[in-house]
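Notes follow once the structure below has been shown.
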Amino acid sequence: MFRKPENGMVCLACCKTHVKTGFQIILLTGLLSFLGCKEKTESSIASTTLELDDSTKEKLRNELKRDSNRPFDSEWIRTTNLERTIVDKYGFEGIKLVFEYRNSKNYYDKGSFPSDCPWYSLNSLSIKESIEKNFEPIRAKLPLLINSLKDRCEFIYAEKKNQDWHLHYFLRMKLYNGGNYYRIYTGGPPKNNIKPNSNLQSFQWEIPNDLKEFYSIHDGFGEIYDANFILSSKNIEVMGERMNPIVKKLGVTPEDYSFNDLLEFFPDGIGNTQCFIRSKKDNIKTVDWDHEVWKISNVIGFYDFINERMSEIDEE
C-alpha cells in the first residue's frame with residue numbers, strides 16, 4: 001500500500017520504492033522463466049534425437065548413394081536434403097553415418113572426449129562456452145568469426161586419425177537456393193613454439209607471428225575438404241618452390257614482387273591464393289595472388305582477412 005501523507009500528496013519516496021521492488025520482481029520472474037525455457041529447449045533437442053538402429057543405417061546408406069543415371073542436379077538436391085534430415089533426426093549418430101567415408105568411426109562427440117584429446121577440458125562446457133574458451137587468446141581479433149561459430153555451431157566433435165587429433169565444428173548454413181544444409185570447419189591440434197618447415201627454411205622464412213599465434217589454437221583450420229582453409233604448418237609453402245622454375249622457363253618476371261617473398265597459407269582451390277608478403281617492415285601483411293595474371297592485390301592483415309573471409313557461413 002502507498003502511504004498517503006497528511007497533506008494529501010503521495011509520498012514519492014514510497015512510490016519509487018514500491019515501483020523499484022515491483023520491477024525487480026518482474027525482472028526476477030522473467031529471468032527464471034527465461035532460464036526455464038532455455039533448459040527446456042536444450043533438453044527438448046536431446047529428447048527429439050531418435051535411435052539409429054542397424055536396419056535403418058543400411059536403408060539410409062543406400063538412399064545416400066547418388067544414381068548416376070539420373071540428372072546430377074536433382075540427385076544432388078535429394079542427397080543433400082537427406083543428409084540434413086539424417087542429422088536433424090539422429091544427431092551425432094547421424095553425422096557419423098553421413099561421414100562414414102571420412103573415418104567417422106573415430107569421431108567423439110563433445111562430452112565424450114578421451115583424456116588424451118587436446119580438447120578434453122571442453123567436455124563439461126556448452127558449445128558456445130567451448131568456442132569462447134578455445135579461441136579465448138585471439139577472440140578479440142576475430143569477433144565476426146567467433147560470433148558466427150557461436151551462432152551457427154550445432155555440434156562439436158573430435159577425430160583421432162593416425163595419432164593426430166582434429167576438432168570439427170558442425171555449422172548450420174543456407175544454400176544458394178535457400179535450402180538448409182551444413183558447413184564443417186575443422187581445426188588441427190594446438191601447437192606452440194612451432195618451427196618453420198623445410199620449405200620455409202630453404203627460403204629463409206620464419207612463420208609470421210600472427211599465423212604462429214593462430215597455430216597455438218589450431219594448426220590448420222577451415223573446410224579442409226572444400227578448399228576454404230588455413231594451411232597447416234607443415235603445408236604452408238613459399239611460392240618460389242614451384243613458380244621459380246616456371247619463371248625461368250618462360251623468361252617472365254613479376255614486376256612488383258618476387259615469388260620468394262610470397263608465403264601461401266590460404267588457397268582457393270582454383271589456382272589463386274592468399275599469401276603473406278615479406279617486407280622489411282615488422283607488420284607483415286597478406287595479399288591475394290591471381291594465378292591468371294600473376295598480380296597481387298588487396299593488401300590486408302592476416303586476422304582481418306580470416307575474420308572477413310571465414311565468418312560468411314551461408315552460400316552466396
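Naming scheme: A, B, ... for chains in displayed order of the C-alpha cells; residues 1 onward per chain; ligands 1 onward as shown.
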
Which residues in range 40-284 of chain A does DSSP call strand (DSSP E or B)? List them as a PyMOL selection string.
chain A and resi 107-109+153-161+164-174+180-187+221-223+228-230+237-238+262-267+273-277

I need the residue nearest Leu52 in chain A from this list: A:Lys161, A:Arg183, A:Lys89, A:Lys174. Use only C-alpha atoms for the distance.
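Of the candidates, the smallest distance to Leu52 in chain A is held by A:Lys89.
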
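Residues in contact with Ser112 in chain A at up to 10 Å, not including ones fewer than 6 positions away on its chain and judged by only C-alpha atoms, are Tyr120, Leu122, Asn123, Ser124, Tyr157 and Ala158 of chain A.
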
Could you turn the residues from that selection into a file that holds N, CA and C atoms, as a PDB file, in the first residue's frame?
```
ATOM      1  N   TYR A 120      40.012 -32.065 -24.229  1.00  0.00           N
ATOM      2  CA  TYR A 120      39.338 -32.812 -23.163  1.00  0.00           C
ATOM      3  C   TYR A 120      38.635 -31.877 -22.177  1.00  0.00           C
ATOM      4  N   LEU A 122      36.966 -29.339 -22.648  1.00  0.00           N
ATOM      5  CA  LEU A 122      35.707 -28.777 -23.144  1.00  0.00           C
ATOM      6  C   LEU A 122      34.508 -29.674 -22.840  1.00  0.00           C
ATOM      7  N   ASN A 123      34.752 -30.865 -22.353  1.00  0.00           N
ATOM      8  CA  ASN A 123      33.678 -31.843 -22.170  1.00  0.00           C
ATOM      9  C   ASN A 123      32.493 -31.315 -21.370  1.00  0.00           C
ATOM     10  N   SER A 124      32.762 -30.554 -20.334  1.00  0.00           N
ATOM     11  CA  SER A 124      31.692 -30.114 -19.434  1.00  0.00           C
ATOM     12  C   SER A 124      31.053 -28.796 -19.863  1.00  0.00           C
ATOM     13  N   TYR A 157      32.775 -32.033 -32.399  1.00  0.00           N
ATOM     14  CA  TYR A 157      33.248 -33.392 -32.177  1.00  0.00           C
ATOM     15  C   TYR A 157      34.712 -33.501 -32.599  1.00  0.00           C
ATOM     16  N   ALA A 158      35.416 -34.387 -31.918  1.00  0.00           N
ATOM     17  CA  ALA A 158      36.844 -34.584 -32.170  1.00  0.00           C
ATOM     18  C   ALA A 158      37.055 -35.849 -32.987  1.00  0.00           C
TER      19      ALA A 158
END
```

Residue with smallest distance to Glu51 in chain A - pool A:Asp219, A:Glu75, A:Glu93, A:Glu316, counting only C-alpha atoms
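Closest candidate: A:Glu93.
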
Write out as a PyMOL selection string all residues of range 64-136 of chain A that backbone DSSP assigns to alpha helix (DSSP H).
chain A and resi 64+72-98+127-134

As a ChimeraX atom specification, please: the residues near Lys295 in chain A (cut-off 10 Å, only C-alpha atoms, same-chain neighbours under 4 positions excluded).
/A:254-257,287-291

Using only C-alpha atoms, find the one residue out of A:Phe92, A:Tyr182, A:Phe265, A:Trp119 that sits nearest to Phe135 in chain A.
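Checking each candidate against Phe135 in chain A, we get A:Trp119 as the closest.
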